file model.pdb (PDB, C-alpha atoms, pLDDT in the B column)
MODEL        1
ATOM      1  CA  MET Z1105     136.076  74.086 105.591  1.00 91.00           C
ATOM      2  CA  THR Z1106     134.701  70.846 106.983  1.00 92.00           C
ATOM      3  CA  GLU Z1107     132.535  71.183 110.076  1.00 93.00           C
ATOM      4  CA  THR Z1108     134.142  69.724 113.195  1.00 91.00           C
ATOM      5  CA  ALA Z1109     132.678  68.630 116.521  1.00 89.00           C
ATOM      6  CA  GLN Z1110     133.825  71.978 117.941  1.00 93.00           C
ATOM      7  CA  ASP Z1111     131.596  73.798 115.407  1.00 93.00           C
ATOM      8  CA  TRP Z1112     128.408  71.891 116.297  1.00 90.00           C
ATOM      9  CA  HIS Z1113     126.836  74.248 118.854  1.00 93.00           C
ATOM     10  CA  GLU Z1114     127.738  77.386 116.919  1.00 94.00           C
ATOM     11  CA  VAL Z1115     126.218  75.909 113.742  1.00 92.00           C
ATOM     12  CA  GLU Z1116     123.059  74.935 115.649  1.00 88.00           C
ATOM     13  CA  ALA Z1117     122.800  78.523 116.943  1.00 91.00           C
ATOM     14  CA  LEU Z1118     123.079  79.792 113.345  1.00 91.00           C
ATOM     15  CA  PHE Z1119     120.280  77.456 112.236  1.00 87.00           C
ATOM     16  CA  ASP Z1120     118.138  78.634 115.168  1.00 85.00           C
ATOM     17  CA  LEU Z1121     118.743  82.246 114.117  1.00 85.00           C
ATOM     18  CA  CYS Z1122     117.959  81.655 110.442  1.00 84.00           C
ATOM     19  CA  PHE Z1123     114.940  79.345 110.690  1.00 77.00           C
ATOM     20  CA  ALA Z1124     111.548  79.589 112.311  1.00 70.00           C
ATOM     21  CA  PRO Z1125     111.054  78.376 115.853  1.00 67.00           C
ATOM     22  CA  GLY Z1126     110.056  74.739 115.887  1.00 61.00           C
ATOM     23  CA  ARG Z1127     112.282  73.864 112.903  1.00 55.00           C
ATOM     24  CA  GLU Z1128     113.085  70.565 114.585  1.00 57.00           C
ATOM     25  CA  ALA Z1129     109.426  69.549 114.357  1.00 51.00           C
ATOM     26  CA  LEU Z1130     109.718  69.303 110.554  1.00 61.00           C
ATOM     27  CA  SER Z1131     109.531  65.835 109.032  1.00 66.00           C
ATOM     28  CA  SER Z1132     113.094  66.040 107.729  1.00 70.00           C
ATOM     29  CA  TYR Z1133     114.318  66.217 111.312  1.00 63.00           C
ATOM     30  CA  ARG Z1134     112.654  62.876 112.122  1.00 73.00           C
ATOM     31  CA  LEU Z1135     114.893  61.374 109.439  1.00 86.00           C
ATOM     32  CA  ARG Z1136     117.961  62.869 111.148  1.00 81.00           C
ATOM     33  CA  ASP Z1137     117.234  62.095 114.808  1.00 82.00           C
ATOM     34  CA  ASP Z1138     120.183  60.280 116.411  1.00 85.00           C
ATOM     35  CA  ILE Z1139     121.959  59.930 113.067  1.00 90.00           C
ATOM     36  CA  PRO Z1140     125.209  61.829 112.560  1.00 91.00           C
ATOM     37  CA  PRO Z1141     125.701  64.003 109.479  1.00 92.00           C
ATOM     38  CA  VAL Z1142     127.667  62.457 106.616  1.00 93.00           C
ATOM     39  CA  PRO Z1143     131.365  62.875 107.444  1.00 85.00           C
ATOM     40  CA  GLY Z1144     133.249  65.356 105.310  1.00 93.00           C
ATOM     41  CA  LEU Z1145     130.199  66.880 103.605  1.00 96.00           C
ATOM     42  CA  SER Z1146     128.986  69.241 106.322  1.00 94.00           C
ATOM     43  CA  LEU Z1147     130.814  72.515 105.771  1.00 96.00           C
ATOM     44  CA  VAL Z1148     131.185  75.857 107.498  1.00 96.00           C
ATOM     45  CA  ALA Z1149     132.165  79.219 106.065  1.00 95.00           C
ATOM     46  CA  ARG Z1150     134.034  81.598 108.353  1.00 95.00           C
ATOM     47  CA  ASP Z1151     135.310  85.105 107.724  1.00 92.00           C
ATOM     48  CA  LYS Z1152     138.938  86.138 108.170  1.00 93.00           C
ATOM     49  CA  ASP Z1153     138.308  86.673 111.895  1.00 94.00           C
ATOM     50  CA  GLY Z1154     136.871  83.177 112.337  1.00 93.00           C
ATOM     51  CA  ILE Z1155     133.260  84.348 112.686  1.00 93.00           C
ATOM     52  CA  LEU Z1156     130.757  81.776 111.403  1.00 96.00           C
ATOM     53  CA  ALA Z1157     129.055  83.116 108.276  1.00 96.00           C
ATOM     54  CA  GLY Z1158     127.326  80.006 106.912  1.00 96.00           C
ATOM     55  CA  ALA Z1159     126.904  76.266 107.225  1.00 96.00           C
ATOM     56  CA  ILE Z1160     125.521  73.279 105.352  1.00 97.00           C
ATOM     57  CA  ARG Z1161     124.852  69.717 106.478  1.00 95.00           C
ATOM     58  CA  TYR Z1162     124.040  66.411 104.772  1.00 96.00           C
ATOM     59  CA  TRP Z1163     122.397  63.288 106.183  1.00 95.00           C
ATOM     60  CA  PRO Z1164     122.121  59.763 104.851  1.00 96.00           C
ATOM     61  CA  VAL Z1165     118.596  58.526 104.080  1.00 97.00           C
ATOM     62  CA  MET Z1166     117.005  55.764 102.059  1.00 97.00           C
ATOM     63  CA  VAL Z1167     114.604  56.295  99.162  1.00 97.00           C
ATOM     64  CA  GLY Z1168     113.119  52.890  98.670  1.00 93.00           C
ATOM     65  CA  LYS Z1169     116.286  50.759  98.653  1.00 94.00           C
ATOM     66  CA  ALA Z1170     118.532  53.533  97.311  1.00 97.00           C
ATOM     67  CA  GLU Z1171     121.117  55.253  99.504  1.00 97.00           C
ATOM     68  CA  THR Z1172     120.573  58.982  99.156  1.00 98.00           C
ATOM     69  CA  LEU Z1173     121.965  62.203 100.573  1.00 97.00           C
ATOM     70  CA  LEU Z1174     119.544  64.606 102.244  1.00 96.00           C
ATOM     71  CA  LEU Z1175     120.854  68.162 101.965  1.00 96.00           C
ATOM     72  CA  GLY Z1176     119.915  70.518 104.729  1.00 87.00           C
ATOM     73  CA  PRO Z1177     119.864  72.677 106.449  1.00 92.00           C
ATOM     74  CA  VAL Z1178     121.934  75.311 104.714  1.00 94.00           C
ATOM     75  CA  ALA Z1179     122.026  78.763 106.267  1.00 93.00           C
ATOM     76  CA  VAL Z1180     123.908  82.040 106.034  1.00 95.00           C
ATOM     77  CA  HIS Z1181     124.016  84.564 108.870  1.00 94.00           C
ATOM     78  CA  PRO Z1182     121.577  87.435 108.149  1.00 93.00           C
ATOM     79  CA  THR Z1183     124.436  89.965 108.083  1.00 93.00           C
ATOM     80  CA  ARG Z1184     126.157  87.962 105.322  1.00 93.00           C
ATOM     81  CA  GLN Z1185     123.185  87.073 103.121  1.00 93.00           C
ATOM     82  CA  GLY Z1186     123.345  88.178  99.497  1.00 93.00           C
ATOM     83  CA  GLU Z1187     127.084  87.511  99.209  1.00 94.00           C
ATOM     84  CA  GLY Z1188     126.721  84.132  97.491  1.00 95.00           C
ATOM     85  CA  LEU Z1189     127.931  82.090 100.468  1.00 95.00           C
ATOM     86  CA  ALA Z1190     125.057  79.597 100.254  1.00 96.00           C
ATOM     87  CA  ALA Z1191     125.866  78.991  96.585  1.00 96.00           C
ATOM     88  CA  VAL Z1192     129.527  78.368  97.421  1.00 97.00           C
ATOM     89  CA  LEU Z1193     128.588  75.949 100.225  1.00 97.00           C
ATOM     90  CA  ILE Z1194     126.125  74.076  98.008  1.00 97.00           C
ATOM     91  CA  ARG Z1195     128.430  73.775  94.997  1.00 97.00           C
ATOM     92  CA  GLU Z1196     131.497  72.834  97.022  1.00 97.00           C
ATOM     93  CA  SER Z1197     129.655  70.220  99.070  1.00 97.00           C
ATOM     94  CA  LEU Z1198     128.002  68.662  96.014  1.00 98.00           C
ATOM     95  CA  GLY Z1199     131.439  68.316  94.444  1.00 97.00           C
ATOM     96  CA  LEU Z1200     132.692  66.618  97.609  1.00 97.00           C
ATOM     97  CA  ALA Z1201     129.670  64.292  97.577  1.00 98.00           C
ATOM     98  CA  VAL Z1202     130.621  63.072  94.105  1.00 97.00           C
ATOM     99  CA  LEU Z1203     134.235  62.514  95.211  1.00 97.00           C
ATOM    100  CA  ARG Z1204     132.987  60.486  98.185  1.00 96.00           C
ATOM    101  CA  GLY Z1205     130.941  58.184  95.963  1.00 96.00           C
ATOM    102  CA  TRP Z1206     127.398  59.496  96.431  1.00 98.00           C
ATOM    103  CA  SER Z1207     125.250  59.333  93.314  1.00 98.00           C
ATOM    104  CA  ARG Z1208     122.042  61.173  94.285  1.00 98.00           C
ATOM    105  CA  VAL Z1209     120.981  63.983  96.575  1.00 98.00           C
ATOM    106  CA  MET Z1210     117.625  65.364  97.633  1.00 97.00           C
ATOM    107  CA  LEU Z1211     116.247  68.208  99.727  1.00 96.00           C
ATOM    108  CA  VAL Z1212     113.048  69.950 100.704  1.00 93.00           C
ATOM    109  CA  GLY Z1213     113.097  73.510  99.414  1.00 93.00           C
ATOM    110  CA  ASP Z1214     112.093  76.145  96.867  1.00 94.00           C
ATOM    111  CA  ALA Z1215     112.445  74.878  93.309  1.00 96.00           C
ATOM    112  CA  PRO Z1216     113.107  78.373  91.849  1.00 96.00           C
ATOM    113  CA  TYR Z1217     116.121  78.791  94.153  1.00 95.00           C
ATOM    114  CA  TYR Z1218     117.570  75.278  94.002  1.00 97.00           C
ATOM    115  CA  SER Z1219     117.014  74.753  90.256  1.00 97.00           C
ATOM    116  CA  ARG Z1220     120.086  76.891  89.557  1.00 96.00           C
ATOM    117  CA  PHE Z1221     122.135  74.168  91.256  1.00 97.00           C
ATOM    118  CA  GLY Z1222     120.570  71.409  89.134  1.00 97.00           C
ATOM    119  CA  PHE Z1223     117.734  70.348  91.451  1.00 98.00           C
ATOM    120  CA  HIS Z1224     114.290  69.475  90.105  1.00 97.00           C
ATOM    121  CA  GLN Z1225     111.049  68.165  91.563  1.00 97.00           C
ATOM    122  CA  LEU Z1226     111.167  64.433  92.249  1.00 97.00           C
ATOM    123  CA  GLU Z1227     108.256  62.334  91.058  1.00 94.00           C
ATOM    124  CA  GLY Z1228     107.365  59.272  93.089  1.00 95.00           C
ATOM    125  CA  VAL Z1229     109.541  60.213  96.070  1.00 97.00           C
ATOM    126  CA  THR Z1230     107.537  60.859  99.215  1.00 93.00           C
ATOM    127  CA  MET Z1231     108.778  62.621 102.317  1.00 91.00           C
ATOM    128  CA  PRO Z1232     107.022  61.974 105.623  1.00 87.00           C
ATOM    129  CA  PRO Z1233     104.045  64.302 106.159  1.00 84.00           C
ATOM    130  CA  PRO Z1234     103.382  67.164 106.324  1.00 83.00           C
ATOM    131  CA  THR Z1235     105.871  67.862 103.491  1.00 87.00           C
ATOM    132  CA  ASN Z1236     104.562  69.604 100.367  1.00 90.00           C
ATOM    133  CA  PRO Z1237     105.418  67.228  97.461  1.00 92.00           C
ATOM    134  CA  GLU Z1238     106.251  70.207  95.214  1.00 95.00           C
ATOM    135  CA  ARG Z1239     109.165  71.022  97.537  1.00 94.00           C
ATOM    136  CA  VAL Z1240     110.765  67.552  97.317  1.00 96.00           C
ATOM    137  CA  LEU Z1241     113.686  68.149  94.981  1.00 97.00           C
ATOM    138  CA  GLY Z1242     116.571  66.014  93.799  1.00 98.00           C
ATOM    139  CA  GLN Z1243     119.666  65.928  91.664  1.00 98.00           C
ATOM    140  CA  ALA Z1244     121.545  63.056  90.086  1.00 98.00           C
ATOM    141  CA  LEU Z1245     125.220  63.425  90.913  1.00 98.00           C
ATOM    142  CA  LEU Z1246     125.894  60.640  88.436  1.00 97.00           C
ATOM    143  CA  THR Z1247     123.912  60.371  85.208  1.00 97.00           C
ATOM    144  CA  GLY Z1248     120.789  58.280  85.693  1.00 97.00           C
ATOM    145  CA  ALA Z1249     121.161  57.982  89.470  1.00 98.00           C
ATOM    146  CA  TRP Z1250     117.465  58.771  90.046  1.00 98.00           C
ATOM    147  CA  ASP Z1251     116.228  56.499  87.249  1.00 97.00           C
ATOM    148  CA  GLY Z1252     113.733  54.065  88.763  1.00 96.00           C
ATOM    149  CA  VAL Z1253     114.286  55.365  92.311  1.00 97.00           C
ATOM    150  CA  GLN Z1254     110.931  55.922  93.993  1.00 96.00           C
ATOM    151  CA  GLY Z1255     109.223  55.429  97.292  1.00 96.00           C
ATOM    152  CA  GLU Z1256     109.158  56.704 100.828  1.00 95.00           C
ATOM    153  CA  VAL Z1257     112.118  58.584 102.212  1.00 96.00           C
ATOM    154  CA  ALA Z1258     113.161  56.640 105.293  1.00 94.00           C
ATOM    155  CA  ARG Z1259     115.720  56.763 108.046  1.00 93.00           C
ATOM    156  CA  TRP Z1260     119.190  55.368 107.444  1.00 94.00           C
ATOM    157  CA  PRO Z1261     119.221  51.668 108.427  1.00 90.00           C
ATOM    158  CA  GLY Z1262     120.558  50.583 111.759  1.00 69.00           C
ATOM    159  CA  ASN Z1263     119.532  53.714 113.650  1.00 56.00           C
TER
ENDMDL
END

call {"tool": "encode", "arguments": {"input": "model.pdb", "output": "structure tokens"}}
result
Amino acid sequence: MTETAQDWHEVEALFDLCFAPGREALSSYRLRDDIPPVPGLSLVARDKDGILAGAIRYWPVMVGKAETLLLGPVAVHPTRQGEGLAAVLIRESLGLAVLRGWSRVMLVGDAPYYSRFGFHQLEGVTMPPPTNPERVLGQALLTGAWDGVQGEVARWPGN
């Protein structure tokens, strides 16, 4: 289901639980500061009792002059890991991104994990330091959407 304003603090607590302290010091967070997630793409997964099991968020960024989605974070509660919830969140949200007119998506993550969802290392796309370039991955949601797109990943304009 789509994340709502009422989910925000619970989702943040899940991210705090699942990621190392200081996660907000990562370069990807500088791209997100004071910018709201993309409406309708940030999802939560809850069990039958309403307990939060997983969440995924997307943010708008620019790569050169190209509007791009930045996926992340995605997290699943430690007691629910291994059930395929992250895969469901990723696949469902990517499908929604296409329906909402987005043509490309990127993330910073492990290529062996994200390659099963169609992500590959991006050449010529640079995240702010100290990001390992081998972890900068992307996927064309529409054929050819990454063709000729290169440059620095920058904050969404106007913010």

call {"tool": "atom_distance", "arguments": {"input": "model.pdb", "atom1": "CA of Ala1191 in chain Z", "atom2": "CA of Trp1112 in chain Z"}}
result
21.1 Å

call {"tool": "atom_distance", "arguments": {"input": "model.pdb", "atom1": "CA of Ala1258 in chain Z", "atom2": "CA of Gly1205 in chain Z"}}
result
20.1 Å

call {"tool": "atom_distance", "arguments": {"input": "model.pdb", "atom1": "CA of Leu1203 in chain Z", "atom2": "CA of Leu1241 in chain Z"}}
result
21.3 Å

call {"tool": "resolve_selection", "arguments": {"input": "model.pdb", "expression": "the PyMOL selection byres ((chain Z and resi 1166-1181) around 7)", "output": "PyMOL selection string"}}
result
chain Z and resi 1118-1119+1122+1157-1165+1182-1185+1189-1190+1208-1211+1253-1260

call {"tool": "resolve_selection", "arguments": {"input": "model.pdb", "expression": "the PyMOL selection byres ((chain Z and resi 1195) around 12)", "output": "list of chain:residue names"}}
result
Z:Leu1145, Z:Leu1147, Z:Ile1160, Z:Leu1175, Z:Val1178, Z:Gly1188, Z:Leu1189, Z:Ala1190, Z:Ala1191, Z:Val1192, Z:Leu1193, Z:Ile1194, Z:Glu1196, Z:Ser1197, Z:Leu1198, Z:Gly1199, Z:Leu1200, Z:Ala1201, Z:Val1202, Z:Tyr1218, Z:Arg1220, Z:Phe1221, Z:Gly1222, Z:Phe1223, Z:Leu1245

call {"tool": "closest_residue", "arguments": {"input": "model.pdb", "among": "Z:Gly1154, Z:Gly1242, Z:Gly1186, Z:Pro1232", "to": "Asp1214 in chain Z", "atoms": "all atoms listed in the file"}}
result
Z:Gly1242

call {"tool": "closest_residue", "arguments": {"input": "model.pdb", "among": "Z:Arg1150, Z:Met1231, Z:Pro1261, Z:Trp1206", "to": "Gln1243 in chain Z", "atoms": "only C-alpha atoms"}}
result
Z:Trp1206
